[in-house]
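> Got a structure for you, structure_9.cif, holding mmCIF, C-alpha atoms; chains and numbers go by the auth columns.
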data_final
#
loop_
_atom_site.group_PDB
_atom_site.id
_atom_site.type_symbol
_atom_site.label_atom_id
_atom_site.label_comp_id
_atom_site.label_asym_id
_atom_site.label_seq_id
_atom_site.Cartn_x
_atom_site.Cartn_y
_atom_site.Cartn_z
_atom_site.B_iso_or_equiv
_atom_site.auth_seq_id
_atom_site.auth_asym_id
ATOM 1 C CA GLN A 1 0.000 0.000 0.000 0.00 1 Y
ATOM 2 C CA VAL A 2 1.358 3.401 -0.968 0.00 2 Y
ATOM 3 C CA GLN A 3 2.101 5.845 1.835 0.00 3 Y
ATOM 4 C CA LEU A 4 0.891 9.410 1.289 0.00 4 Y
ATOM 5 C CA VAL A 5 2.161 12.035 3.718 0.00 5 Y
ATOM 6 C CA GLU A 6 0.608 15.494 3.618 0.00 6 Y
ATOM 7 C CA SER A 7 2.137 18.639 5.041 0.00 7 Y
ATOM 8 C CA GLY A 8 1.798 22.399 4.786 0.00 8 Y
ATOM 9 C CA GLY A 9 -1.496 22.996 6.536 0.00 9 Y
ATOM 10 C CA GLY A 10 -1.970 25.645 9.170 0.00 10 Y
ATOM 11 C CA LEU A 11 -3.696 28.851 10.139 0.00 11 Y
ATOM 12 C CA VAL A 12 -3.901 31.650 7.577 0.00 12 Y
ATOM 13 C CA GLN A 13 -5.850 34.884 7.325 0.00 13 Y
ATOM 14 C CA PRO A 14 -8.512 35.399 4.671 0.00 14 Y
ATOM 15 C CA GLY A 15 -6.878 36.426 1.418 0.00 15 Y
ATOM 16 C CA GLY A 16 -3.687 34.588 2.286 0.00 16 Y
ATOM 17 C CA SER A 17 -1.949 31.673 0.612 0.00 17 Y
ATOM 18 C CA LEU A 18 -0.742 28.202 1.517 0.00 18 Y
ATOM 19 C CA THR A 19 0.900 25.365 -0.364 0.00 19 Y
ATOM 20 C CA LEU A 20 0.117 21.796 0.615 0.00 20 Y
ATOM 21 C CA SER A 21 2.467 18.926 -0.176 0.00 21 Y
ATOM 22 C CA CYS A 22 1.820 15.197 -0.453 0.00 22 Y
ATOM 23 C CA GLU A 23 4.857 12.954 -0.652 0.00 23 Y
ATOM 24 C CA ALA A 24 4.187 9.491 -2.029 0.00 24 Y
ATOM 25 C CA SER A 25 6.235 6.391 -1.278 0.00 25 Y
ATOM 26 C CA GLU A 26 5.962 5.297 -4.923 0.00 26 Y
ATOM 27 C CA ASN A 27 6.447 6.692 -8.380 0.00 27 Y
ATOM 28 C CA LEU A 28 3.532 8.960 -9.268 0.00 28 Y
ATOM 29 C CA PHE A 29 3.246 7.263 -12.668 0.00 29 Y
ATOM 30 C CA ASP A 30 1.944 4.179 -10.826 0.00 30 Y
ATOM 31 C CA PHE A 31 -1.390 6.002 -10.475 0.00 31 Y
ATOM 32 C CA ASN A 32 -4.030 6.966 -13.015 0.00 32 Y
ATOM 33 C CA ASP A 33 -4.674 10.165 -11.134 0.00 33 Y
ATOM 34 C CA MET A 34 -3.922 11.957 -7.895 0.00 34 Y
ATOM 35 C CA GLY A 35 -5.912 14.608 -6.172 0.00 35 Y
ATOM 36 C CA TRP A 36 -6.771 16.749 -3.210 0.00 36 Y
ATOM 37 C CA TYR A 37 -10.049 16.426 -1.362 0.00 37 Y
ATOM 38 C CA ARG A 38 -11.327 18.245 1.682 0.00 38 Y
ATOM 39 C CA GLN A 39 -13.812 17.701 4.439 0.00 39 Y
ATOM 40 C CA ALA A 40 -15.162 20.489 6.594 0.00 40 Y
ATOM 41 C CA ALA A 41 -16.761 19.765 9.950 0.00 41 Y
ATOM 42 C CA GLY A 42 -20.242 18.326 9.451 0.00 42 Y
ATOM 43 C CA ASN A 43 -19.845 18.074 5.672 0.00 43 Y
ATOM 44 C CA GLN A 44 -19.084 15.306 3.234 0.00 44 Y
ATOM 45 C CA ARG A 45 -15.676 14.974 1.647 0.00 45 Y
ATOM 46 C CA GLU A 46 -15.502 16.898 -1.621 0.00 46 Y
ATOM 47 C CA VAL A 47 -13.092 17.066 -4.507 0.00 47 Y
ATOM 48 C CA VAL A 48 -10.790 20.065 -4.636 0.00 48 Y
ATOM 49 C CA ALA A 49 -8.499 19.262 -7.560 0.00 49 Y
ATOM 50 C CA VAL A 50 -7.323 16.249 -9.539 0.00 50 Y
ATOM 51 C CA ILE A 51 -4.403 15.750 -11.907 0.00 51 Y
ATOM 52 C CA ASP A 52 -4.142 12.678 -14.121 0.00 52 Y
ATOM 53 C CA VAL A 53 -1.075 10.834 -15.330 0.00 53 Y
ATOM 54 C CA GLY A 54 -1.030 12.981 -18.480 0.00 54 Y
ATOM 55 C CA GLY A 55 -1.049 16.196 -16.478 0.00 55 Y
ATOM 56 C CA ARG A 56 -4.654 17.133 -17.166 0.00 56 Y
ATOM 57 C CA THR A 57 -6.307 18.953 -14.261 0.00 57 Y
ATOM 58 C CA THR A 58 -9.832 19.423 -12.978 0.00 58 Y
ATOM 59 C CA TYR A 59 -11.020 21.624 -10.132 0.00 59 Y
ATOM 60 C CA GLY A 60 -14.024 21.944 -7.895 0.00 60 Y
ATOM 61 C CA ASP A 61 -16.168 24.935 -8.805 0.00 61 Y
ATOM 62 C CA SER A 62 -15.506 26.700 -5.519 0.00 62 Y
ATOM 63 C CA VAL A 63 -11.726 26.777 -6.013 0.00 63 Y
ATOM 64 C CA LYS A 64 -11.374 27.433 -9.752 0.00 64 Y
ATOM 65 C CA GLY A 65 -9.054 30.332 -10.416 0.00 65 Y
ATOM 66 C CA ARG A 66 -7.681 30.303 -6.865 0.00 66 Y
ATOM 67 C CA PHE A 67 -6.078 26.873 -6.418 0.00 67 Y
ATOM 68 C CA THR A 68 -3.505 25.110 -8.569 0.00 68 Y
ATOM 69 C CA ILE A 69 -2.612 21.422 -8.440 0.00 69 Y
ATOM 70 C CA TYR A 70 0.752 20.282 -9.756 0.00 70 Y
ATOM 71 C CA ARG A 71 3.209 17.460 -9.359 0.00 71 Y
ATOM 72 C CA ASP A 72 6.939 16.874 -9.199 0.00 72 Y
ATOM 73 C CA ASN A 73 7.574 13.429 -10.608 0.00 73 Y
ATOM 74 C CA LEU A 74 11.237 13.418 -9.597 0.00 74 Y
ATOM 75 C CA SER A 75 10.436 13.813 -5.912 0.00 75 Y
ATOM 76 C CA ASN A 76 7.126 11.868 -6.062 0.00 76 Y
ATOM 77 C CA THR A 77 5.338 14.857 -4.579 0.00 77 Y
ATOM 78 C CA LEU A 78 1.914 16.311 -5.280 0.00 78 Y
ATOM 79 C CA TYR A 79 1.211 19.947 -4.451 0.00 79 Y
ATOM 80 C CA LEU A 80 -1.765 22.230 -4.021 0.00 80 Y
ATOM 81 C CA ARG A 81 -1.139 25.941 -4.193 0.00 81 Y
ATOM 82 C CA MET A 82 -4.012 27.835 -2.576 0.00 82 Y
ATOM 83 C CA ASN A 83 -4.394 31.577 -3.116 0.00 83 Y
ATOM 84 C CA SER A 84 -7.050 34.070 -2.043 0.00 84 Y
ATOM 85 C CA LEU A 85 -8.140 31.785 0.763 0.00 85 Y
ATOM 86 C CA LYS A 86 -11.603 32.207 2.218 0.00 86 Y
ATOM 87 C CA THR A 87 -13.047 31.187 5.557 0.00 87 Y
ATOM 88 C CA GLU A 88 -15.108 28.572 3.742 0.00 88 Y
ATOM 89 C CA ASP A 89 -11.894 26.850 2.642 0.00 89 Y
ATOM 90 C CA THR A 90 -11.384 25.741 6.236 0.00 90 Y
ATOM 91 C CA ALA A 91 -11.253 21.937 6.252 0.00 91 Y
ATOM 92 C CA VAL A 92 -9.057 18.891 6.569 0.00 92 Y
ATOM 93 C CA TYR A 93 -7.348 18.377 3.228 0.00 93 Y
ATOM 94 C CA TYR A 94 -6.585 14.843 2.061 0.00 94 Y
ATOM 95 C CA CYS A 95 -4.267 13.579 -0.629 0.00 95 Y
ATOM 96 C CA ASN A 96 -5.558 10.739 -2.819 0.00 96 Y
ATOM 97 C CA ALA A 97 -3.912 8.384 -5.293 0.00 97 Y
ATOM 98 C CA ARG A 98 -5.901 6.080 -7.577 0.00 98 Y
ATOM 99 C CA SER A 99 -5.081 3.252 -9.936 0.00 99 Y
ATOM 100 C CA PHE A 100 -7.199 0.437 -11.359 0.00 100 Y
ATOM 101 C CA SER A 101 -6.591 -1.648 -8.235 0.00 101 Y
ATOM 102 C CA ARG A 102 -5.973 0.894 -5.502 0.00 102 Y
ATOM 103 C CA ASN A 103 -7.543 3.947 -3.942 0.00 103 Y
ATOM 104 C CA SER A 104 -5.252 5.364 -1.254 0.00 104 Y
ATOM 105 C CA TRP A 105 -5.577 8.285 1.148 0.00 105 Y
ATOM 106 C CA GLY A 106 -3.230 10.284 3.292 0.00 106 Y
ATOM 107 C CA GLN A 107 -3.905 11.126 6.912 0.00 107 Y
ATOM 108 C CA GLY A 108 -5.014 14.690 6.173 0.00 108 Y
ATOM 109 C CA THR A 109 -3.752 18.133 7.071 0.00 109 Y
ATOM 110 C CA GLN A 110 -5.823 20.867 8.690 0.00 110 Y
ATOM 111 C CA VAL A 111 -6.245 24.204 6.945 0.00 111 Y
ATOM 112 C CA THR A 112 -7.910 26.955 8.956 0.00 112 Y
ATOM 113 C CA VAL A 113 -8.721 30.307 7.375 0.00 113 Y
ATOM 114 C CA SER A 114 -9.568 32.845 10.039 0.00 114 Y
ATOM 115 C CA SER A 115 -8.825 36.399 11.059 0.00 115 Y
#
Write the structure described by the file as structure tokens, please.

Amino acid sequence: QVQLVESGGGLVQPGGSLTLSCEASENLFDFNDMGWYRQAAGNQREVVAVIDVGGRTTYGDSVKGRFTIYRDNLSNTLYLRMNSLKTEDTAVYYCNARSFSRNSWGQGTQVTVSS
């Protein structure tokens, strides 16, 4: 089972920026796609951004134009750059890696947007 370790969460003021990292224990090309999901208190987990093996990206409607997902294949690391953060972005953010036979999750990292 792949190990996914997220980092970079924390407390930030509205309008600020954060970059989340997810280091995988395997080559990123082992997965059809990788993504970031989030879950706010009392809500269901929702997709934030996904990048496939070809580099194509998709974003949740609420983050389009503010967040960017990208990957560094040499370091086996997935990133999420978050700009113009809003209080409603507060959630636990999870890294995900999917292949035909596996669907793996990291432990999550808390992002809190508050003044």
> Please identify all polymer residues within 9 Å of stretch 50-63 of chain Y, counting only C-alpha atoms, omitting same-chain residues fewer than 5 positions from it, and present them as a list in words.
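Everything that qualifies: Leu28, Phe29, Asp30, Phe31, Asn32, Asp33, Met34, Gly35, Trp36, Tyr37, Thr68, Ile69, Tyr70, Arg71, Met82, Asp89 and Asn96 of chain Y.
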> Which residues are near Y:Phe67? Cut-off 9 Å, all atoms listed in the file, ignore same chain within fewer than 5 positions. Put them as an NGL selection string.
:Y and (48-49 or 59 or 80-85)
> Selected by the PyMOL selection byres ((chain Y and resi 76) around 7) in the shown coordinates: which residues, as a VMD selection string?
chain Y and resid 23 to 24 26 to 28 72 to 75 77 to 78
> Next, write the just-selected residues to a file, as a PDB file, in the frame of the given file, keeping C-alpha atoms as the atom set.

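Heads up, here's the output in selection31.pdb:
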ATOM      1  CA  GLU Y  23       4.857  12.954  -0.652  1.00  0.00           C
ATOM      2  CA  ALA Y  24       4.187   9.491  -2.029  1.00  0.00           C
ATOM      3  CA  GLU Y  26       5.962   5.297  -4.923  1.00  0.00           C
ATOM      4  CA  ASN Y  27       6.447   6.692  -8.380  1.00  0.00           C
ATOM      5  CA  LEU Y  28       3.532   8.960  -9.268  1.00  0.00           C
ATOM      6  CA  ASP Y  72       6.939  16.874  -9.199  1.00  0.00           C
ATOM      7  CA  ASN Y  73       7.574  13.429 -10.608  1.00  0.00           C
ATOM      8  CA  LEU Y  74      11.237  13.418  -9.597  1.00  0.00           C
ATOM      9  CA  SER Y  75      10.436  13.813  -5.912  1.00  0.00           C
ATOM     10  CA  THR Y  77       5.338  14.857  -4.579  1.00  0.00           C
ATOM     11  CA  LEU Y  78       1.914  16.311  -5.280  1.00  0.00           C
TER      12      LEU Y  78
END
> Around stretch 46-60 of chain Y, fit a box with edges along x, y and z, padding it by 6 Å on each side, then list its centre and edge lengths in Å to one decimal as AutoDock Vina command-line options.

--center_x -8.3 --center_y 16.4 --center_z -10.1 --size_x 26.5 --size_y 23.1 --size_z 28.9
> Suppose a student applies the PyMOL selection byres ((chain Y and resi 115) around 10) to this structure; what residues should they get, written as a PyMOL selection string?
chain Y and resi 11-15+87+112-114
> Keeping C-alpha atoms, export the residues of the selection given above as a PDB file, keeping the file's coordinate frame.

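Output file result_39.pdb follows:
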ATOM      1  CA  LEU Y  11      -3.696  28.851  10.139  1.00  0.00           C
ATOM      2  CA  VAL Y  12      -3.901  31.650   7.577  1.00  0.00           C
ATOM      3  CA  GLN Y  13      -5.850  34.884   7.325  1.00  0.00           C
ATOM      4  CA  PRO Y  14      -8.512  35.399   4.671  1.00  0.00           C
ATOM      5  CA  GLY Y  15      -6.878  36.426   1.418  1.00  0.00           C
ATOM      6  CA  THR Y  87     -13.047  31.187   5.557  1.00  0.00           C
ATOM      7  CA  THR Y 112      -7.910  26.955   8.956  1.00  0.00           C
ATOM      8  CA  VAL Y 113      -8.721  30.307   7.375  1.00  0.00           C
ATOM      9  CA  SER Y 114      -9.568  32.845  10.039  1.00  0.00           C
TER      10      SER Y 114
END
> So how far away is atom CA of Y:Val47 from atom CA of Y:Arg102, in Å?
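We find that atom CA of Y:Arg102 and atom CA of Y:Val47 lie 17.7 Å from each other.
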> So how far away is atom CA of Y:Leu4 from atom CA of Y:Arg45, in Å?
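Straight-line distance from atom CA of Y:Arg45 to atom CA of Y:Leu4 works out to 17.5 Å.
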> Quick one: of Y:Gly8, Y:Ser104, Y:Gln110, Y:Ser25, who's nearest to Y:Val92, counting all atoms listed in the file?
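Closest to Y:Val92 of all the choices is Y:Gln110.
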> Spell out the residues picked by the PyMOL selection byres ((chain Y and resi 109) around 9) here, as a PyMOL selection string.
chain Y and resi 6-10+20+91-95+106-108+110-111
> One decimal, in Å: what's the spacing between atom CA of Y:Val5 and atom CA of Y:Ser99?
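Interatomic distance, atom CA of Y:Val5 to atom CA of Y:Ser99: 17.8 Å.
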> Please determine, counting only C-alpha atoms, which residue among Y:Thr90, Y:Asn103, Y:Asn43, Y:Thr19 has the shortest atom-to-atom distance to Y:Gln3.
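When distances to Y:Gln3 are compared using only C-alpha atoms, the smallest one comes from Y:Asn103.
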